[in-house]
Structures are given as structure tokens and as C-alpha cells.
Amino acid sequence: MDISSIIGVVSGMGFVLGTILLGGSIMMFVNIPSILIVMGGTVAATMVGYPLSDFLGMFKTGIKIFMFKIEKPADIIANLIEISNKARKGGLLSIEGDIQTTPDPYLAQALQMTVDGVKTGDIAAIMQKKMSLTKKGLDTGADIFSSMGAYAPAFGMIGTLIGLVQMLANLDDPSSIGPKMAVAMITTFYGAVLANLFFIPMSDKLMGRNEEEITNMNIIFEGILSIREGEHPKLMEDKLKVYMTGGKKEEEKK
Amino acid sequence: MDISSIIGVVSGMGFVLGTILLGGSIMMFVNIPSILIVMGGTVAATMVGYPLSDFLGMFKTGIKIFMFKIEKPADIIANLIEISNKARKGGLLSIEGDIQTTPDPYLAQALQMTVDGVKTGDIAAIMQKKMSLTKKGLDTGADIFSSMGAYAPAFGMIGTLIGLVQMLANLDDPSSIGPKMAVAMITTFYGAVLANLFFIPMSDKLMGRNEEEITNMNIIFEGILSIREGEHPKLMEDKLKVYMTGGKKEEEKK
Amino acid sequence: MDISSIIGVVSGMGFVLGTILLGGSIMMFVNIPSILIVMGGTVAATMVGYPLSDFLGMFKTGIKIFMFKIEKPADIIANLIEISNKARKGGLLSIEGDIQTTPDPYLAQALQMTVDGVKTGDIAAIMQKKMSLTKKGLDTGADIFSSMGAYAPAFGMIGTLIGLVQMLANLDDPSSIGPKMAVAMITTFYGAVLANLFFIPMSDKLMGRNEEEITNMNIIFEGILSIREGEHPKLMEDKLKVYMTGGKKEEEKK
Amino acid sequence: MDISSIIGVVSGMGFVLGTILLGGSIMMFVNIPSILIVMGGTVAATMVGYPLSDFLGMFKTGIKIFMFKIEKPADIIANLIEISNKARKGGLLSIEGDIQTTPDPYLAQALQMTVDGVKTGDIAAIMQKKMSLTKKGLDTGADIFSSMGAYAPAFGMIGTLIGLVQMLANLDDPSSIGPKMAVAMITTFYGAVLANLFFIPMSDKLMGRNEEEITNMNIIFEGILSIREGEHPKLMEDKLKVYMTGGKKEEEKK
Amino acid sequence: MDISSIIGVVSGMGFVLGTILLGGSIMMFVNIPSILIVMGGTVAATMVGYPLSDFLGMFKTGIKIFMFKIEKPADIIANLIEISNKARKGGLLSIEGDIQTTPDPYLAQALQMTVDGVKTGDIAAIMQKKMSLTKKGLDTGADIFSSMGAYAPAFGMIGTLIGLVQMLANLDDPSSIGPKMAVAMITTFYGAVLANLFFIPMSDKLMGRNEEEITNMNIIFEGILSIREGEHPKLMEDKLKVYMTGGKKEEEKK
């Protein structure tokens, strides 16, 4: 569970609603046509901009923003060390059993190729290609949210322009100018909140999460090559542990 | 057929028109001079910015946004495996027949060079150069739409400035100020809709489509080199299948 | 001659002037101080931003936007094949005559080095360095137009601010507010038209033209290395022809 | 201590407050709801955009902007030369004592691997990976401030939109329009000051500081490889001293 | 002396002042608090964003914009050819005298290492590192001006917001609204002029000048390696002359 996403969205909505309530009724900010043009326009532009499968994948990607779960680098490394030790004692064939039990298809395929005796260069090429294609797929998911973060304020402005044009064309009743302009501006408000509290930060969060997933794939990649080459498990451990301490280095240093 | 482009454009227009109709007549938003300056100015700037051939190519590229058709990676891979098997059994010359039947000129040329016994390094150099030049050509097509997405709001603003200057220079009749400003703002509205519902998302869609085309070329590139080098069809299959599962990897993993 | 640049500039001016005339007199949009601040400020900022030689080179670069002339890749390739055939039959020295007749100094120098028996690696290093320095020089030319595309709207805004401040400081005569604001806004209008119809698209066009020039240099580069290494003219043709079909590949494929 | 950060923040606040006081009371610019929406919204969006650990790390990173302390390249180089001399006289094992006394864990680990006789290639791979992961971690710290520099003006605008909508919906009392708009605009003012005096420059400062830290790691990296390879201390000194004079070169030259 | 910088700044100020004087008195645009907030805020933000040494270095860098002086590539090349000829005739030791007489410390150090018999690879590594660190140092100088070009309009807007809030909070005297708004807008005017006539073009000019300095270092780098390797002076000349004709190539070609 991504606790900061949940706190952020809830508290952010709280700050916006609180500021509204301090100045008047919340009903002043509810306007169905404004919601229609901002949400509808943003979704429509996103559909023009991405293939249907990517657009639909957005909903599954969206869940990851709040429910992200990923294996810890430390666990992956411990698992790889165990496999490395087994391979050293019983030969590469002895790790065949791990292929069935591992839940990660990336690791499973890599182990399978290792057991099958595929050459190190070919294993590396296949794993690296898979990693870069996975990264591209994950980044498309973040890109969609980033695009929505650009479309939402644009359709907010389009909605406001519609409202202003309609108001300006009928200035007969001066007392209606204020409320009409208020309604027109709500659309800009919707677009700004959607972009800055939801789409843009969500895209940022996804980009960070994608990097964590790719880091894990990288650990597996380096671990498998080490096992395939018969490197000593201790050296492999030294190499992989960098992934655990790397991000924390600054703390130790000061 | 690109179903999401069609849904996106139709529903987007629906949301915009619906919002307009909820507030008044659609006629308020039809203004010929505004259309002239936004559309004409955008097209003129695009012609200054690109050579005539690229500008005219835009119309053919535009069709791709709605009618995109491309061979599936799985089919290309199956075809390559078949050719690989044939070459293994009957020698490289036995694949000469496939050159005539393949509809893809990129594959055909690659097969021809393989049959002709051109060195692997030279085949690779020629195919890679062709791939990168094709990518450049395709990306120019997407760039034009992206440029139009920048010119449209600019000429929208230019039209609005013309309207405002004319209104401000003649403030004699106060009752005409509102309608005149309304007309002036329609130009900005046109520019914003053209850019955010059409040009910018269309450029995004084209960029994604271009990558699909280049991925297919990449599959052919790797497959042909594998055939030319006499690699086992099974290993080639393992290498190429990454292109099928790559994008889907995240699904299996969770 | 770059026909699309001419059509674009002429039609663009036509659309802007047409829109103005549909709403009133053109004289309303002529204001000498506005022209002074936008044009003068843009030129002054460009002089601060670039060395004098680059600034003056801008005028020659500007001609290229409308009068661009470049050798066709097909002609360059045909010429190189001819030279390659001659060198194969009569030896490298037999191509000495082509050095005098070639109008392109890049090709001439490359041929001279080939005849002089300079090592392939040294020829490649010198030609590549020359290509990258030429590209840098050409791109500076496009950068100046791009910078002017950023300065023009900025000085348009500066002119409008001057007009607004002067109007606001003297609100005694209400009837003069409108015309004064109209004049103030013309400066923004000038800046927007200059940037979006001239400077920005012109920079785009120059970037595209520069790439064509560099592509031609690349063809010569690859051709000369092929000749120097004594590659078969047929293989050289296969390699260089990619530059002719590359951009058109997408057409054949569909 | 980073004296320029402190002078900058204090004098910047002074200029802003001074300008306010020259025109009226400071109380006009204190508005609790405005502070709530700008600060709260910015923090909320940042929490959505970054994992909890990165968000919390921001406070420790923030201290670095004012209290940055780092070993001088000259001291690091002197220390490495000393170790190099010791290793040359007494062998690699003689430097084991330095591992305990060095406060820098990066240097300590590198020395440990050197003493343990790990191969140069493996030491280089581990140290380089650690360096690049450290850089990524440090840059995330600067990125958060950069994101806040984008969210603050956005929530400033959101707050202003809320105020404007509420004002426009209730235009009954004309005398309240001015003060209400004043309050609405304060939110934009808060966002602009937070972004331009705090978040954006702070992110710039952090980026510069991160590079200093990575430069130090680079010096250690090159020094250890030189020691491991048994290079002459004088050559190592020549190589590392570049890091001391590099930034100052321009001074000597003129 | 950089004549275009001087013409640009003087004529730019002339155009701005001329436009002002055509519309009224210059005194309308002089406002001490506005100058304070824009200049002070920009300087304060720059101090937060950069270390004290970089900030102070800005003044020396600023001089370079108007007084730039650099050795011509042709002179450097001539000097290197002379040294190369001397080294060929009298051996590497015969160039020892040039070390004292050369005013450029980069060339001096390179010659010293050559005379000392340092290996080519080590000379190259040290010289390249020095070049890239020098480039980083020079670019930081240009970056500061670029940052100021972003801070100046931001503090211009902050000043305008302060003025608007103060005006809106006191609408009692309608006749003072105009002049108060005029004063508020002057701050935006200051920020725009500072950014677009000074800071941004100055940063552009510095970036161009930095490249000239690095090009000169590159010429020395290639020349010294050529001398160290004992290449024929004629070949070295051919290689280095590219730097003289490169930028001018386009002229010859047309």
C-alpha cells in the first residue's frame, strides 16, 4: 500500500474543500457541465493520443499508485545468494526446482535458460531486451497520466472560454454577469486541481515506482549472470548489496 | 482501424458541443473570420516550417491516425521461424521464393541480401541505416502535427488580439462591446480545441505508432541476422518472443 | 527555390491582413513606435546573444529559407559510383582529375586525401570532424531564428506594458482609454505574428534543411571510405541507396 | 555552512517585506486560508508524487541547503597520496589500518576490497554502481524541491480561483469586491514567493551540491583504482590534481 | 571586445527609452521600490541557488560578455605546427623552452607532460578531464545568467502582485486606481526588460563563448597527442585546419 499517495490525495482534497468552505458553500463549486467538459475532454484527448489497450491499461496502472507492492531488493538478493550456493554445490541442474516455485516470471525464465545451458551472451541479450521493453511499457503508463495532466488544464480553459463567450454575447442583465463568470471560472479550477493534485503527481509517483521495478530486474539480471558464470556467491553478494546501500549512502557519510 | 482515435475525436467533439448547447445556441460559436485566421495561419506557418513534400505527406500521415494497420509481431516472428527452418534444411538459397511473396520491402531486401551471400556486417549496416532513416521520416510526420499543436493556439491568440484592438479602437457603442469581445475570444477557443483535441493528441498517437513500426523492423532485423548466421531456430524464437511478452510482463508479475 | 516557404509567408500574411480588413481599416494596426520596440528590441537582444559574425550571417541564412538549393542524394551517389568504378579500373590516382571538377569542397578534399594515400582512419577522422563542425555552424544559424522567436513576443509584451503604464497614469480622459489600450495591444500582436509566422517556422525549416546538407555529407563520407577501402562499387551502391529510399520506405510498405 | 543560502533567504524576505511595508501594512498580506491552500496543497501533491521515505527525507535534505559540509578535494587527494605511498612501500596489506580510521564509508569499502585482493574490474564495477546509485538518490532529493517549485504556483492559482469564484458569485456589495480580490490574489503571491525564493533556487543549490559530492566520490574512485593497479603516486597526483585546478582554469588563463 | 554585445545593450536601451519618451515622461517609469524588489529578489534567489564562489564569479564572468578576448584557432595551430617541427628535428626534449614562454597553462602542462615522457594515454586522460571540468565551470557561469533570466520576471510578477493587492484593498479613491496600477505594472516591465535584454541573451552569448574556449582546448589536445605520437606535422596540420574551415564550410559550398 502506498500510504503517502493516500495521505496526499485525502489531505489535498481536504485543503481544497476546507479553503472553499471557509469562504462559502461547497455548492458554488459544483457544476455538471464544467465536470463534463473537463473530464470528458481530457479522456477524449487521451483516447486520441494513445491506443485503446494503453488507454484501458491506465485503470490498472492507476491502482498501482495506491496499492503498490514490490519485493524488497534484500529479499531478492537473499534468494539469489541461496540459488548461487545451491548451484555451486549441486551444479546448475540442481536449481531446476526453483523455477517452479519462483513467482517472478522474469527470474523463472532466466533460471530456465541457465539450466538449459544457453550461452551467457544470449541470456544477457534476452534478459536485457526484456528489461528495456518492460521499462518502455511501464513508462507508457506514466506518460498517459502526464498527458492527462496537460489536457486537464487545457480543457479547463476551453470550458472557461465557452462560458465567457456565452456571457459576453448576452450582457443584457448586468446582475447575471458575476455568477456567469463564476461558473465559467470553475472549469479552469477543475482542470487545475485535476492536473496538480492528481495527474501530474501520479505520473511522478509512477515514474519512481517503475524505476524500483527495473532496479529489481537489474538485480536479478546481474545475479543470474553471476550464477551462470560460476562466480563466488560472496562476490555476487558484494556486487548486489550495492543496490541496498546505494540510496542510503548519504546518511552514513554525514 | 484505430478505434480509440475515432471514439476520442467523436466523443471529444460531443463534450465540447454539448457544453456549448447547455449554455446557448451553437451559432454563437460559428464565426468565419475566426476559422480563417486560426486554420489559415496554422497551415501557413506549417508550410513555412516544413518542405512542401513533408507538408503534403501530412495528409497521408493523418489517415494513419484513424486507419492504422500493422502486422502483428507474433505473425512476423512465426514467418521468420518458418524461413529459418527452411534455410536450415535446404540452405540459404531455398528461401529465394519467399522474397517474391513477402509484401514487406524491408524483409524482402534483407532476404535478397542473405540469398546473395552479402556479409553479415554489411547486411546489418544497411538494415540498421534503413531503420534509422525510416524512423526519422516517420517522426517528421508526427513533428508536423506537434508543430501545428503549437501554431494553432498562437494564431488563436493573434485572432483574439485583432478582435480586441478593433473593439478597443471603437468604444462608441457600449452595447456592442460584449458581443465584439465574444467574437474575439472565439478565435482563442478554436485554437485551444484544435491543439488539445486534435493536433497534440494526434502527434502523440503517431509517435506511438511509429514505435510499433520500428519494433517490427527490429524483429525482422534480429531475425534475419540470426538466419544469416545459421543460429538454431529455437534460440531465434526465444530471442524474438521477448518482443511479444515484453510489454505484457508487468501483468504476469502481479 | 523553397516554394512552401513562399506560399506560407504570402498566404499567412494574407490571412492576417484579411482578418483585419474584415473588421475595419488596416491603418488601425500600423503604429511606428510599436514596430520600433518589437523589431528593435528583438534585434538588440539577438546582438547581445550572438557574436557579430553569427548575427550578420543571419541575413545570408535567411535567404536559404526561400532559395534553398541542394544537390540531390541520387546525383551524389551516381557521381560516387562513377568515381568508384574509375578507381577500380585505373587505380586511386586515376580519380585525380575529379578533384578539380567537383564543385563541392568537402568531396574535393576527401578525394585529395584519398589520392594522397592518407590512411583510411585519418581520412575518416578529418571528414567526420568537418561534418560535425559544419553541423554546429549550420545549427547556430537556425538557433538565431529560434531565439528571435522567443525575443519577439517578449518585446511585444514589453511594448504593451509601456503603453498600459502610460495609459493608466493618465486616466483623465475616459474616451481615450480604448484607443490607447488598442495601441498598447498592437505591440503584442506584432510580436506574436513575427514569432509564429516568421521566426519559429523559419527556424524549423532551417533545421530540416541543415539535416539534408548533413545527409549529403554523410553520403560522401561513406562513399569515400568505401572507395578508399576498395569495396566493390555494387556494395557501395547498395549501402548508399538506403539514403534514397529511406525516407520513402513507409510508402512502399503500405 | 552555506552562507549564500542564508544571505539569499534573509535578504530575499527583506526585499519582499520591505516592498510591502513601503506600500502599507504587512497585515494585508497575512491570510490563514491562503497559507493553508498553498502550503497544504503543495505538500499534499508532493506526497502523491513521491514515496513516503523520499518525502520524509526532504527535511534532512533541506538542512543541507543551509548547513552543507563536505571534505575538500585537496584533503581527499592528500589522503589518497599518503595511502598510495604507504601501499607502495609496505604492500597493499599495510593500508588495512586506514580502513578503520576513515570516516567515509565509500572510501572504507574501497580500501577493504583492495586489501582483500578483489580484482580491479570488480572493484571498479562495484564502486561505479555505488556512485551512480548515490547520485540517483541525491538527485531525487533535489527533484522534490523542484516539484514543489511547480506545485506552489499551481496551488497559488487554485486558491486565487476559489477566491474569485466566491467573489463573482456574490457581487451584491460593490465595496467588498476590491478587498475580496485582494485576498484572492494573495494566494498567487504566496505561491510565487515560495517557488521563486525557496523551492526552485533550493533545488538548484542541491543539484550543485550533489555534483560536489559525486566529484569527491570520483576522486576516491580514480585514486583507489590507481592504488590497486600500483601506479606511481606522482602520476596519481597529476591525475587527481585536475579536480582541484579544473574549475579555476579560466582564471589562470586570462 | 565584444562589439555586438555593446551595440545590442546600448541600442536595446535606446529602443525601450525611445518608446517610453514617445508616449510621455521617463519619470513615469522610475520607481525605487519596483527596482528594489526586482533586482533584490533576483539577486537573493540567485544566492540561494548557487554557492557563494559561483555567485561572486558572476561579476568576472559578466565582464567577458563585453570584453571577450581569445586566441584565434589559426594562431594556436601555427604555434602547434612550429612545436611539432621542432620536436621532429630536435626530439621531444627540444620543446622544453616553449613551456616557459607559453601563456596558456593548459598548453604548458600538456607540453610539460610530453617532455616528461608521460604515456600518451595518461596525457590524454588528464587533458580530457581538465577540458571537461573547465567546460563545467564555464557553463555554471552561463547558467547563473540563465537562472537570473527566469527569476527576474518572477520577481517582476511578485512586485506587481504586491502593488495590486495594496491597490485592491484600498479602492476608496477611484482617481488613484490608475496611477497605482501603473506603478504595480512597472515591476513586471522591469523584470521583462532585465530578462530579455540582459540576462537571457547574456547567457546565450556566454554559452557561445564557452564553446570557443573549449574548441581552442580541443585543438591543443589533438595537437599535443599528435606531437607526442610523433605524427608528421603535415598530417597534424590537415587535422587541425578543420577547426578553421569547419564553421565557414557552408560559404564555400554555395
# chains A, B, ... in the order shown; residues from 1 in each chain; ligands from 1
$ residues_around --residues "E:Met127" --least-positions-apart "3" --cutoff "9 Å" --atoms "only C-alpha atoms" --output "list in words"
Val242 of chain D; Tyr106, Gln109, Ala110, Asp122, Ile123, Ala124, Lys130, Met131, Ser132, Met217 and Phe221 of chain E
$ write_last_selection --atoms "all heavy atoms" --output "JSON list (two decimals), in the first residue's frame"
[["chain", "number", "residue", "atom", "x", "y", "z"],
["D", 242, "VAL", "N", 43.86, 17.50, -11.23],
["D", 242, "VAL", "CA", 42.99, 18.14, -12.22],
["D", 242, "VAL", "C", 41.68, 18.57, -11.57],
["D", 242, "VAL", "O", 41.11, 19.62, -11.89],
["D", 242, "VAL", "CB", 42.69, 17.16, -13.38],
["D", 242, "VAL", "CG1", 41.69, 17.77, -14.35],
["D", 242, "VAL", "CG2", 43.99, 16.80, -14.09],
["E", 106, "TYR", "N", 47.08, 25.48, -19.95],
["E", 106, "TYR", "CA", 46.63, 24.17, -20.44],
["E", 106, "TYR", "C", 47.69, 23.59, -21.38],
["E", 106, "TYR", "O", 48.10, 22.44, -21.25],
["E", 106, "TYR", "CB", 45.30, 24.33, -21.16],
["E", 106, "TYR", "CG", 44.66, 23.05, -21.65],
["E", 106, "TYR", "CD1", 44.21, 22.10, -20.73],
["E", 106, "TYR", "CD2", 44.49, 22.80, -23.00],
["E", 106, "TYR", "CE1", 43.61, 20.93, -21.17],
["E", 106, "TYR", "CE2", 43.89, 21.63, -23.45],
["E", 106, "TYR", "CZ", 43.46, 20.71, -22.53],
["E", 106, "TYR", "OH", 42.87, 19.55, -22.97],
["E", 109, "GLN", "N", 51.01, 22.77, -19.36],
["E", 109, "GLN", "CA", 51.01, 21.50, -18.64],
["E", 109, "GLN", "C", 51.14, 20.31, -19.60],
["E", 109, "GLN", "O", 51.84, 19.34, -19.33],
["E", 109, "GLN", "CB", 49.72, 21.36, -17.81],
["E", 109, "GLN", "CG", 49.80, 20.18, -16.84],
["E", 109, "GLN", "CD", 48.45, 19.80, -16.26],
["E", 109, "GLN", "OE1", 47.45, 20.44, -16.54],
["E", 109, "GLN", "NE2", 48.42, 18.73, -15.48],
["E", 110, "ALA", "N", 50.45, 20.43, -20.75],
["E", 110, "ALA", "CA", 50.49, 19.35, -21.73],
["E", 110, "ALA", "C", 51.91, 19.17, -22.27],
["E", 110, "ALA", "O", 52.40, 18.04, -22.41],
["E", 110, "ALA", "CB", 49.52, 19.65, -22.87],
["E", 122, "ASP", "N", 47.88, 8.49, -20.59],
["E", 122, "ASP", "CA", 47.74, 9.28, -19.37],
["E", 122, "ASP", "C", 47.62, 10.76, -19.67],
["E", 122, "ASP", "O", 46.82, 11.47, -19.06],
["E", 122, "ASP", "CB", 48.95, 9.01, -18.44],
["E", 122, "ASP", "CG", 48.89, 7.62, -17.82],
["E", 122, "ASP", "OD1", 47.77, 7.13, -17.61],
["E", 122, "ASP", "OD2", 49.95, 7.03, -17.58],
["E", 123, "ILE", "N", 48.43, 11.24, -20.64],
["E", 123, "ILE", "CA", 48.31, 12.65, -21.05],
["E", 123, "ILE", "C", 46.88, 12.92, -21.53],
["E", 123, "ILE", "O", 46.23, 13.89, -21.12],
["E", 123, "ILE", "CB", 49.30, 13.00, -22.18],
["E", 123, "ILE", "CG1", 50.75, 12.86, -21.69],
["E", 123, "ILE", "CG2", 49.06, 14.43, -22.68],
["E", 123, "ILE", "CD1", 51.79, 13.21, -22.75],
["E", 124, "ALA", "N", 46.38, 12.04, -22.38],
["E", 124, "ALA", "CA", 45.04, 12.22, -22.94],
["E", 124, "ALA", "C", 44.00, 12.24, -21.83],
["E", 124, "ALA", "O", 43.10, 13.11, -21.81],
["E", 124, "ALA", "CB", 44.73, 11.10, -23.94],
["E", 130, "LYS", "N", 40.58, 17.64, -17.67],
["E", 130, "LYS", "CA", 40.72, 19.07, -17.42],
["E", 130, "LYS", "C", 39.78, 19.86, -18.33],
["E", 130, "LYS", "O", 39.15, 20.83, -17.89],
["E", 130, "LYS", "CB", 42.17, 19.49, -17.70],
["E", 130, "LYS", "CG", 42.54, 20.78, -17.00],
["E", 130, "LYS", "CD", 44.05, 20.92, -16.89],
["E", 130, "LYS", "CE", 44.42, 22.10, -16.01],
["E", 130, "LYS", "NZ", 45.86, 22.09, -15.70],
["E", 131, "MET", "N", 39.68, 19.42, -19.58],
["E", 131, "MET", "CA", 38.79, 20.10, -20.52],
["E", 131, "MET", "C", 37.35, 20.01, -20.06],
["E", 131, "MET", "O", 36.62, 21.00, -20.07],
["E", 131, "MET", "CB", 38.95, 19.45, -21.91],
["E", 131, "MET", "CG", 38.51, 20.37, -23.02],
["E", 131, "MET", "SD", 39.03, 19.86, -24.71],
["E", 131, "MET", "CE", 39.70, 18.24, -24.53],
["E", 132, "SER", "N", 36.92, 18.82, -19.63],
["E", 132, "SER", "CA", 35.51, 18.66, -19.26],
["E", 132, "SER", "C", 35.20, 19.39, -17.96],
["E", 132, "SER", "O", 34.11, 19.94, -17.79],
["E", 132, "SER", "CB", 35.13, 17.18, -19.19],
["E", 132, "SER", "OG", 35.50, 16.63, -17.97],
["E", 217, "MET", "N", 40.79, 24.51, -26.60],
["E", 217, "MET", "CA", 41.39, 23.45, -25.79],
["E", 217, "MET", "C", 41.45, 22.15, -26.59],
["E", 217, "MET", "O", 42.40, 21.38, -26.49],
["E", 217, "MET", "CB", 40.60, 23.25, -24.50],
["E", 217, "MET", "CG", 40.76, 24.41, -23.51],
["E", 217, "MET", "SD", 39.81, 24.18, -21.98],
["E", 217, "MET", "CE", 41.04, 23.31, -20.97],
["E", 221, "PHE", "N", 44.57, 19.89, -27.44],
["E", 221, "PHE", "CA", 44.51, 18.48, -27.08],
["E", 221, "PHE", "C", 44.93, 17.59, -28.25],
["E", 221, "PHE", "O", 45.83, 16.75, -28.12],
["E", 221, "PHE", "CB", 43.07, 18.15, -26.65],
["E", 221, "PHE", "CG", 42.82, 16.70, -26.40],
["E", 221, "PHE", "CD1", 43.29, 16.08, -25.25],
["E", 221, "PHE", "CD2", 42.10, 15.93, -27.30],
["E", 221, "PHE", "CE1", 43.06, 14.74, -25.01],
["E", 221, "PHE", "CE2", 41.87, 14.59, -27.07],
["E", 221, "PHE", "CZ", 42.35, 13.99, -25.92]]
$ residues_around --residues "stretch 188-198 of chain B" --least-positions-apart "5" --cutoff "6 Å" --atoms "only C-alpha atoms" --output "PyMOL selection string"
(chain A and resi 45) or (chain B and resi 149+152-153+156-157)
$ closest_atom_pairs --of "chain A" --to "chain B" --cutoff "8 Å" --atoms "only C-alpha atoms" --output "tab-separated table"
residue	atom	partner	partner_atom	distance
A:Pro33	CA	B:Thr19	CA	5.8
A:Ser34	CA	B:Thr19	CA	7.8
A:Leu36	CA	B:Phe15	CA	6.7
A:Ile37	CA	B:Phe15	CA	5.6
A:Gly40	CA	B:Phe15	CA	6.1
A:Gly41	CA	B:Gly12	CA	5.3
A:Val43	CA	B:Gly8	CA	7.6
A:Ala44	CA	B:Gly8	CA	4.2
A:Ala45	CA	B:Leu197	CA	5.1
A:Thr46	CA	B:Pro201	CA	6.8
A:Met47	CA	B:Gly8	CA	4.9
A:Val48	CA	B:Ser5	CA	4.1
A:Gly49	CA	B:Pro201	CA	4.0
A:Tyr50	CA	B:Lys205	CA	5.3
A:Pro51	CA	B:Ser4	CA	6.1
A:Leu52	CA	B:Ser4	CA	5.2
A:Pro103	CA	B:Lys253	CA	7.4
A:Asp104	CA	B:Lys253	CA	5.7
A:Pro105	CA	B:Lys253	CA	6.4
A:Ala125	CA	B:Lys239	CA	7.9
A:Ile126	CA	B:Lys239	CA	5.7
A:Lys129	CA	B:Val242	CA	7.1
A:Lys130	CA	B:Gly246	CA	5.4
A:Met131	CA	B:Gly246	CA	7.7
A:Leu133	CA	B:Gly246	CA	5.1
A:Thr134	CA	B:Gly246	CA	5.3
A:Lys136	CA	B:Gly247	CA	7.5
A:Gly137	CA	B:Gly247	CA	5.0
A:Leu138	CA	B:Glu250	CA	7.7
A:Tyr151	CA	B:Asn196	CA	6.6
A:Ala154	CA	B:Asn196	CA	6.8
A:Phe155	CA	B:Asn196	CA	7.7
A:Ile158	CA	B:Phe189	CA	6.1
A:Gly159	CA	B:Thr19	CA	7.7
A:Leu161	CA	B:Phe189	CA	6.1
A:Ile162	CA	B:Ile20	CA	6.5
A:Gly163	CA	B:Gly23	CA	7.6
A:Leu164	CA	B:Ala182	CA	7.3
A:Val165	CA	B:Ala182	CA	4.5
A:Gln166	CA	B:Gly23	CA	6.9
A:Leu168	CA	B:Gly178	CA	4.5
A:Ala169	CA	B:Pro179	CA	4.5
A:Asn170	CA	B:Gly178	CA	7.3
A:Leu171	CA	B:Gly178	CA	6.4
$ write_last_selection --atoms "N, CA and C atoms" --output "compact mmCIF listing (two decimals), in the first residue's frame"
# COMPACT_ATOMS: atom_id res chain seq x y z
N PRO A 33 -22.00 20.73 -16.13
CA PRO A 33 -21.37 20.94 -17.45
C PRO A 33 -19.85 21.13 -17.33
N SER A 34 -19.40 21.80 -16.27
CA SER A 34 -17.97 22.01 -16.10
C SER A 34 -17.25 20.68 -15.92
N LEU A 36 -18.32 17.81 -16.99
CA LEU A 36 -18.41 17.12 -18.28
C LEU A 36 -17.29 17.52 -19.22
N ILE A 37 -17.12 18.83 -19.41
CA ILE A 37 -16.14 19.27 -20.40
C ILE A 37 -14.71 18.96 -19.96
N GLY A 40 -14.54 14.85 -19.56
CA GLY A 40 -14.81 14.26 -20.88
C GLY A 40 -13.75 14.64 -21.89
N GLY A 41 -13.42 15.92 -21.92
CA GLY A 41 -12.43 16.37 -22.89
C GLY A 41 -11.07 15.73 -22.64
N VAL A 43 -10.44 12.83 -21.14
CA VAL A 43 -10.49 11.41 -21.52
C VAL A 43 -10.49 11.27 -23.04
N ALA A 44 -11.26 12.13 -23.74
CA ALA A 44 -11.33 12.04 -25.20
C ALA A 44 -9.96 12.29 -25.83
N ALA A 45 -9.27 13.34 -25.36
CA ALA A 45 -7.95 13.65 -25.91
C ALA A 45 -6.97 12.50 -25.63
N THR A 46 -7.09 11.90 -24.46
CA THR A 46 -6.21 10.77 -24.12
C THR A 46 -6.46 9.59 -25.05
N MET A 47 -7.74 9.38 -25.40
CA MET A 47 -8.06 8.28 -26.32
C MET A 47 -7.50 8.55 -27.72
N VAL A 48 -7.53 9.83 -28.14
CA VAL A 48 -6.93 10.15 -29.44
C VAL A 48 -5.42 9.90 -29.37
N GLY A 49 -4.84 10.20 -28.21
CA GLY A 49 -3.39 10.16 -28.10
C GLY A 49 -2.77 8.80 -27.86
N TYR A 50 -3.56 7.84 -27.40
CA TYR A 50 -2.99 6.52 -27.08
C TYR A 50 -3.84 5.40 -27.67
N PRO A 51 -3.24 4.27 -27.99
CA PRO A 51 -4.01 3.11 -28.47
C PRO A 51 -4.97 2.64 -27.38
N LEU A 52 -6.04 1.97 -27.80
CA LEU A 52 -7.07 1.55 -26.86
C LEU A 52 -6.50 0.72 -25.72
N PRO A 103 7.76 -16.93 -8.06
CA PRO A 103 6.55 -16.28 -8.61
C PRO A 103 6.89 -15.25 -9.69
N ASP A 104 8.15 -14.90 -9.82
CA ASP A 104 8.53 -13.86 -10.77
C ASP A 104 8.90 -14.48 -12.11
N PRO A 105 8.11 -14.21 -13.18
CA PRO A 105 8.37 -14.85 -14.47
C PRO A 105 9.71 -14.44 -15.07
N ALA A 125 21.49 -11.03 -23.52
CA ALA A 125 20.80 -10.28 -24.57
C ALA A 125 19.29 -10.36 -24.37
N ILE A 126 18.78 -11.57 -24.11
CA ILE A 126 17.33 -11.76 -23.95
C ILE A 126 16.83 -11.02 -22.71
N LYS A 129 16.96 -7.15 -23.23
CA LYS A 129 15.89 -6.73 -24.13
C LYS A 129 14.55 -6.73 -23.39
N LYS A 130 14.32 -7.78 -22.60
CA LYS A 130 13.06 -7.88 -21.85
C LYS A 130 12.95 -6.72 -20.86
N MET A 131 14.06 -6.42 -20.21
CA MET A 131 14.07 -5.34 -19.24
C MET A 131 13.74 -4.01 -19.92
N LEU A 133 12.17 -3.48 -22.77
CA LEU A 133 10.79 -3.45 -23.26
C LEU A 133 9.81 -3.28 -22.10
N THR A 134 10.10 -3.93 -20.96
CA THR A 134 9.24 -3.76 -19.78
C THR A 134 9.26 -2.30 -19.34
N LYS A 136 9.82 0.30 -21.16
CA LYS A 136 9.06 1.11 -22.10
C LYS A 136 7.56 0.98 -21.82
N GLY A 137 7.10 -0.24 -21.56
CA GLY A 137 5.69 -0.46 -21.27
C GLY A 137 5.25 0.26 -20.01
N LEU A 138 6.08 0.16 -18.96
CA LEU A 138 5.74 0.82 -17.70
C LEU A 138 5.71 2.34 -17.88
N TYR A 151 -3.70 17.85 -20.56
CA TYR A 151 -5.00 18.05 -21.20
C TYR A 151 -6.01 18.68 -20.23
N ALA A 154 -5.99 22.38 -20.10
CA ALA A 154 -6.36 22.88 -21.42
C ALA A 154 -7.89 22.83 -21.58
N PHE A 155 -8.51 21.72 -21.20
CA PHE A 155 -9.96 21.65 -21.32
C PHE A 155 -10.65 22.51 -20.26
N ILE A 158 -10.72 25.68 -22.07
CA ILE A 158 -11.73 25.61 -23.14
C ILE A 158 -13.12 25.82 -22.55
N GLY A 159 -13.38 25.17 -21.42
CA GLY A 159 -14.68 25.33 -20.77
C GLY A 159 -14.91 26.78 -20.33
N LEU A 161 -13.55 29.43 -21.65
CA LEU A 161 -13.77 30.24 -22.86
C LEU A 161 -15.21 30.13 -23.33
N ILE A 162 -15.77 28.89 -23.31
CA ILE A 162 -17.18 28.72 -23.71
C ILE A 162 -18.07 29.57 -22.83
N GLY A 163 -17.84 29.48 -21.51
CA GLY A 163 -18.66 30.25 -20.58
C GLY A 163 -18.53 31.75 -20.80
N LEU A 164 -17.30 32.22 -21.02
CA LEU A 164 -17.09 33.66 -21.21
C LEU A 164 -17.75 34.16 -22.48
N VAL A 165 -17.61 33.39 -23.56
CA VAL A 165 -18.21 33.80 -24.82
C VAL A 165 -19.73 33.92 -24.66
N GLN A 166 -20.32 32.92 -23.99
CA GLN A 166 -21.77 32.96 -23.79
C GLN A 166 -22.19 34.13 -22.91
N LEU A 168 -20.49 37.01 -22.54
CA LEU A 168 -20.23 38.28 -23.23
C LEU A 168 -21.27 38.55 -24.32
N ALA A 169 -21.79 37.47 -24.93
CA ALA A 169 -22.77 37.66 -26.00
C ALA A 169 -24.11 38.11 -25.46
N ASN A 170 -24.35 37.92 -24.17
CA ASN A 170 -25.61 38.33 -23.55
C ASN A 170 -25.36 39.16 -22.30
N LEU A 171 -25.05 40.42 -22.48
CA LEU A 171 -24.75 41.27 -21.32
C LEU A 171 -25.98 42.06 -20.88
$ residues_around --residues "D:Asn85" --least-positions-apart "3" --cutoff "9 Å" --atoms "only C-alpha atoms" --output "ChimeraX atom specification"
/D:80-82,88-90,227,232-233
